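Chemist: I have a structure I would like to understand better, so I am pasting it below and will then ask my questions one at a time.
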There are 2 protein chains.
Amino acid sequence: MDTKKSSKQQKTLKTYRTVIVGAGPAGIGMGVALKDFGVYDFVILEKGLIGSTFLKWTTETRFLTPSFQSTQFGLLDLNAVAINTSPAYSSGKEHLSGPEYVHYLNRVVYEFQLPVHEEREVMTVVKRDRDFVLETVDAYYVAEYLIWSTGEFQFPNDRPFPGAELCIHNSRIGSYRDLLGDDFTIIGGYESGVDAALNLAMLGRETAILERGTVMDSKSQDPSVTLSFYTKQRLDETTAADGIRLEERTEVKKVTHGGNGAFRIHTGSGYYESPTPPILATGFKGGEEQIHDLFYNTGGRPQLNEWDESTRTPNLYLAGPHVMHQNVIFCFIYKFRQRFGIVAHRIATQLGMDTDAAVKLYRRHNMFLDDLSCCQEDCKC
Amino acid sequence: MDTKKSSKQQKTLKTYRTVIVGAGPAGIGMGVALKDFGVYDFVILEKGLIGSTFLKWTTETRFLTPSFQSTQFGLLDLNAVAINTSPAYSSGKEHLSGPEYVHYLNRVVYEFQLPVHEEREVMTVVKRDRDFVLETVDAYYVAEYLIWSTGEFQFPNDRPFPGAELCIHNSRIGSYRDLLGDDFTIIGGYESGVDAALNLAMLGRETAILERGTVMDSKSQDPSVTLSFYTKQRLDETTAADGIRLEERTEVKKVTHGGNGAFRIHTGSGYYESPTPPILATGFKGGEEQIHDLFYNTGGRPQLNEWDESTRTPNLYLAGPHVMHQNVIFCFIYKFRQRFGIVAHRIATQLGMDTDAAVKLYRRHNMFLDDLSCCQEDCKC
């Protein structure tokens, strides 16, 4: 018997009906939903601490969706993950910082007594007969149902073109105050690119944003594919005189070293030079990357059935911002939380629970979105 | 026959089943609700233009409640007055100005083809047998049902103490830029007082706020009785160094002329002097003042039954920010709009309509608040 094998055998074996991986908004919201639907035999495994990716946000970053104390009147806060809770109450702010949101998530865990196990990184996931086996450093977790809700933030899209390693992805910036230099180039002009430029402008720095498409022209009403009001309004208030230059329809092909320690950013028709490392605002990959072989993929998105279950692996559910159905993108909390009830309902039904009251409760609070046709219509006015 | 009588006789007589008085958010939302519940025989009489009190707002004033484009996901914009509409879409802003909101209201009137008659000031209202008779300058409107929704803004509480005529009520300020002087005193420290101080601070002026109670200490989660996040956050960001001085627990007894053209503001224990006319941020009276004899009053509020109908005058309904039940104050749009459906349902039922579908629709969109117990609970977290 070799030592490796013996160390494996020392791991404990833990069995649950359901394991949720990730204790961010999706994992915690799913945990509350499971309880609300009568499913109690589950655990939430979290690699770091509750909501810890929010602690890695750049200091200056704020939620794009406003929070407001309207919960008492039956209108759930846009950033809440559970009925009768609101991050507005704990923070007293409209646009929360990452740490303020973590405070809220911890309160939800405490209030709903959710079984979150922190610092339990899932290293591998295999399906063995009917069960999922998840390996952590000191245990095997065996479960019939697996809900994957790891978020996107820890998976930056940081290699989009050759030379990207010379750049810094915006998610890795601690604070814009820490960046040396007065003149920056940002690659990518969606939310995080414009947000970076606005924060640098507030510090008196010059920036150019190179954006493949156009930033402001989208006709869509969906904040998933257009700038949020929070950012648009800030951009309107910050004029060109404040040092933001927008270069639209400018696709970056590669980045190389230029002369004098500068960086050369090549587009189709020429190049830009930046004295500072270019900032990548190129977004994130899906959080399900670690287990991508348990899904079929369609257009870069994991294929899901109508209950957000993998079409390849029964009893594997996806929760969070990477859920997508037809043209409906669930990338904000107020969107993806509406699928927690669907998943919980499906599992509870399979376990023989009576879910009528829970469905009614969730539906009443706009937390049970089973008719996706609604989400493709525009407003009347 | 004297000329007065003859001019009276020339007035036309118009008969409707229902008349709504006021084409602000409450009147327009009530109009949509009546149609949704199958009641078509009505007219909305507006003294000025649609939403015109919003055009009288001080230029710098913004909505306290944020708008957001979440309507497609079944979450009604906090400032919307009708299902499937959102002021966020037309303005592209989170905190709308008065004119931006008027633009939205006009779009709702157009989209729902509401019969709004502008520039029809109601001078008198009498109840004659079963009918209400409303007199305007050139017509009598006769209706079985009357919905009073005139808002508060045009009724400033501008005589709260002796000498108040030396002051200027904040609702009468066109723009803070127009005020001459560098040193201001504001009487009243709730939303509009702090908002005035913040706007003056942005123009580099000094202000003192004299507030009877305390501004920041309220333990309530209800924005009706505590500062909104929008204001709180702005106040947090604007330090004392920016020239705002808060004098709490300071009740003003009277205002007199001081020396050198200054104003003397007397409190219980002494006085303050202001080189500029004190600004009154003392709020508003109820919009139902004109017909107060058609209501019984309780504690300064018109007494209403469970359908927001006057307990004194059958078929007279109140809509808007002055509706109050027990301890529930309906002073924000996202609150009072939840009563439109209740009133429409009541009238439609009396007219023999089948309202099941409409009630279901309104309930699904949090627009049918018939259980007020919900609104007195606090959030879990």
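Letters A, B, ... go to the chains of the structure tokens in the order shown; residues in each chain start at 1; ligands are counted from 1 in the same order.
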Neighbouring residues of Arg337 (chain B) were defined as those with any atom within 8 Å, considering only C-alpha atoms; residues of the same chain fewer than 2 positions away were excluded. Please report them as a PyMOL selection string.
Modeler: chain B and resi 26+29+81+320+333-335+339-341+367
Chemist: Determine which residues of region 62-201 of chain B DSSP labels as strand (DSSP E) from the backbone of this structure, then write them out as a ChimeraX atom specification.
Modeler: /B:116-117,124-128,131-135,139-148,168-169,183-187
Chemist: Residues of the last selection are to be written out with N, CA and C atoms, as a PDB file, in the first residue's frame.
Modeler:
```
ATOM      1  N   VAL B 116     -57.470  62.106 -20.493  1.00  0.00           N
ATOM      2  CA  VAL B 116     -57.070  63.198 -19.600  1.00  0.00           C
ATOM      3  C   VAL B 116     -57.500  64.522 -20.214  1.00  0.00           C
ATOM      4  N   HIS B 117     -58.221  65.305 -19.444  1.00  0.00           N
ATOM      5  CA  HIS B 117     -58.569  66.665 -19.878  1.00  0.00           C
ATOM      6  C   HIS B 117     -57.711  67.637 -19.097  1.00  0.00           C
ATOM      7  N   THR B 124     -65.305  73.682  -7.430  1.00  0.00           N
ATOM      8  CA  THR B 124     -66.120  73.212  -6.301  1.00  0.00           C
ATOM      9  C   THR B 124     -66.570  71.775  -6.547  1.00  0.00           C
ATOM     10  N   VAL B 125     -66.823  71.101  -5.440  1.00  0.00           N
ATOM     11  CA  VAL B 125     -67.361  69.732  -5.493  1.00  0.00           C
ATOM     12  C   VAL B 125     -68.540  69.674  -4.541  1.00  0.00           C
ATOM     13  N   VAL B 126     -69.693  69.285  -5.044  1.00  0.00           N
ATOM     14  CA  VAL B 126     -70.815  69.037  -4.121  1.00  0.00           C
ATOM     15  C   VAL B 126     -71.400  67.665  -4.398  1.00  0.00           C
ATOM     16  N   LYS B 127     -71.950  67.089  -3.347  1.00  0.00           N
ATOM     17  CA  LYS B 127     -72.627  65.812  -3.507  1.00  0.00           C
ATOM     18  C   LYS B 127     -74.117  66.119  -3.599  1.00  0.00           C
ATOM     19  N   ARG B 128     -74.751  65.673  -4.687  1.00  0.00           N
ATOM     20  CA  ARG B 128     -76.180  65.916  -4.852  1.00  0.00           C
ATOM     21  C   ARG B 128     -76.849  64.556  -5.049  1.00  0.00           C
ATOM     22  N   ASP B 131     -75.016  61.645  -6.758  1.00  0.00           N
ATOM     23  CA  ASP B 131     -73.969  62.094  -7.677  1.00  0.00           C
ATOM     24  C   ASP B 131     -73.046  63.168  -7.087  1.00  0.00           C
ATOM     25  N   PHE B 132     -71.841  63.201  -7.627  1.00  0.00           N
ATOM     26  CA  PHE B 132     -70.933  64.310  -7.366  1.00  0.00           C
ATOM     27  C   PHE B 132     -71.071  65.298  -8.522  1.00  0.00           C
ATOM     28  N   VAL B 133     -71.105  66.588  -8.184  1.00  0.00           N
ATOM     29  CA  VAL B 133     -71.122  67.620  -9.223  1.00  0.00           C
ATOM     30  C   VAL B 133     -69.879  68.464  -9.054  1.00  0.00           C
ATOM     31  N   LEU B 134     -69.035  68.452 -10.076  1.00  0.00           N
ATOM     32  CA  LEU B 134     -67.775  69.200 -10.043  1.00  0.00           C
ATOM     33  C   LEU B 134     -67.885  70.364 -11.015  1.00  0.00           C
ATOM     34  N   GLU B 135     -67.570  71.537 -10.522  1.00  0.00           N
ATOM     35  CA  GLU B 135     -67.668  72.708 -11.375  1.00  0.00           C
ATOM     36  C   GLU B 135     -66.292  73.147 -11.849  1.00  0.00           C
ATOM     37  N   ALA B 139     -67.737  74.076 -17.383  1.00  0.00           N
ATOM     38  CA  ALA B 139     -68.590  72.881 -17.415  1.00  0.00           C
ATOM     39  C   ALA B 139     -68.911  72.384 -16.016  1.00  0.00           C
ATOM     40  N   TYR B 140     -69.976  71.599 -15.960  1.00  0.00           N
ATOM     41  CA  TYR B 140     -70.259  70.801 -14.766  1.00  0.00           C
ATOM     42  C   TYR B 140     -70.009  69.346 -15.118  1.00  0.00           C
ATOM     43  N   TYR B 141     -69.251  68.654 -14.292  1.00  0.00           N
ATOM     44  CA  TYR B 141     -69.035  67.228 -14.472  1.00  0.00           C
ATOM     45  C   TYR B 141     -69.851  66.499 -13.409  1.00  0.00           C
ATOM     46  N   VAL B 142     -70.695  65.590 -13.861  1.00  0.00           N
ATOM     47  CA  VAL B 142     -71.525  64.839 -12.929  1.00  0.00           C
ATOM     48  C   VAL B 142     -71.078  63.382 -12.973  1.00  0.00           C
ATOM     49  N   ALA B 143     -70.834  62.794 -11.806  1.00  0.00           N
ATOM     50  CA  ALA B 143     -70.340  61.419 -11.778  1.00  0.00           C
ATOM     51  C   ALA B 143     -70.806  60.718 -10.522  1.00  0.00           C
ATOM     52  N   GLU B 144     -70.968  59.428 -10.640  1.00  0.00           N
ATOM     53  CA  GLU B 144     -71.402  58.624  -9.512  1.00  0.00           C
ATOM     54  C   GLU B 144     -70.221  58.333  -8.559  1.00  0.00           C
ATOM     55  N   TYR B 145     -69.034  58.156  -9.166  1.00  0.00           N
ATOM     56  CA  TYR B 145     -67.825  57.873  -8.384  1.00  0.00           C
ATOM     57  C   TYR B 145     -66.818  59.003  -8.572  1.00  0.00           C
ATOM     58  N   LEU B 146     -66.169  59.349  -7.476  1.00  0.00           N
ATOM     59  CA  LEU B 146     -65.143  60.393  -7.544  1.00  0.00           C
ATOM     60  C   LEU B 146     -63.868  59.858  -6.910  1.00  0.00           C
ATOM     61  N   ILE B 147     -62.761  59.937  -7.660  1.00  0.00           N
ATOM     62  CA  ILE B 147     -61.454  59.531  -7.117  1.00  0.00           C
ATOM     63  C   ILE B 147     -60.584  60.770  -7.024  1.00  0.00           C
ATOM     64  N   TRP B 148     -60.211  61.116  -5.802  1.00  0.00           N
ATOM     65  CA  TRP B 148     -59.466  62.352  -5.563  1.00  0.00           C
ATOM     66  C   TRP B 148     -57.975  62.019  -5.490  1.00  0.00           C
ATOM     67  N   ILE B 168     -38.835  81.357   2.726  1.00  0.00           N
ATOM     68  CA  ILE B 168     -39.245  80.830   1.416  1.00  0.00           C
ATOM     69  C   ILE B 168     -39.356  79.305   1.524  1.00  0.00           C
ATOM     70  N   HIS B 169     -40.510  78.787   1.130  1.00  0.00           N
ATOM     71  CA  HIS B 169     -40.691  77.322   1.186  1.00  0.00           C
ATOM     72  C   HIS B 169     -39.876  76.683   0.058  1.00  0.00           C
ATOM     73  N   ASP B 183     -24.774  82.151   2.656  1.00  0.00           N
ATOM     74  CA  ASP B 183     -24.958  81.621   4.000  1.00  0.00           C
ATOM     75  C   ASP B 183     -26.467  81.458   4.231  1.00  0.00           C
ATOM     76  N   PHE B 184     -26.889  80.190   4.368  1.00  0.00           N
ATOM     77  CA  PHE B 184     -28.333  79.908   4.417  1.00  0.00           C
ATOM     78  C   PHE B 184     -28.713  79.149   5.682  1.00  0.00           C
ATOM     79  N   THR B 185     -29.953  79.334   6.097  1.00  0.00           N
ATOM     80  CA  THR B 185     -30.488  78.556   7.203  1.00  0.00           C
ATOM     81  C   THR B 185     -31.734  77.839   6.719  1.00  0.00           C
ATOM     82  N   ILE B 186     -31.751  76.528   6.953  1.00  0.00           N
ATOM     83  CA  ILE B 186     -32.881  75.721   6.520  1.00  0.00           C
ATOM     84  C   ILE B 186     -33.645  75.262   7.745  1.00  0.00           C
ATOM     85  N   ILE B 187     -34.952  75.433   7.734  1.00  0.00           N
ATOM     86  CA  ILE B 187     -35.767  75.010   8.870  1.00  0.00           C
ATOM     87  C   ILE B 187     -36.477  73.719   8.502  1.00  0.00           C
TER      88      ILE B 187
END
```
Chemist: Excluding Asp370 (chain B) and residues on its chain fewer than 4 positions from it, collect all residues at most 9 Å away from it, counting only C-alpha atoms, and give them as a count of residues only.
Modeler: 5
Chemist: Record the distance separating CA of Glu60 (chain A) and CA of Leu64 (chain B), expressed in Å with one decimal.
Modeler: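 It comes out at 23.2 Å.
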Chemist: Restricting the calculation to only C-alpha atoms: of A:Pro115, A:Gly98, A:Gly261, A:Gly300, which residue gets closest to Ile28 (chain A)?
Modeler: A:Pro115
Chemist: Record the distance separating CA of Glu247 (chain A) and CA of Glu206 (chain A), expressed in Å with one decimal.
Modeler: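 So the two atoms, CA of Glu247 (chain A) and CA of Glu206 (chain A), lie 13.6 Å apart.
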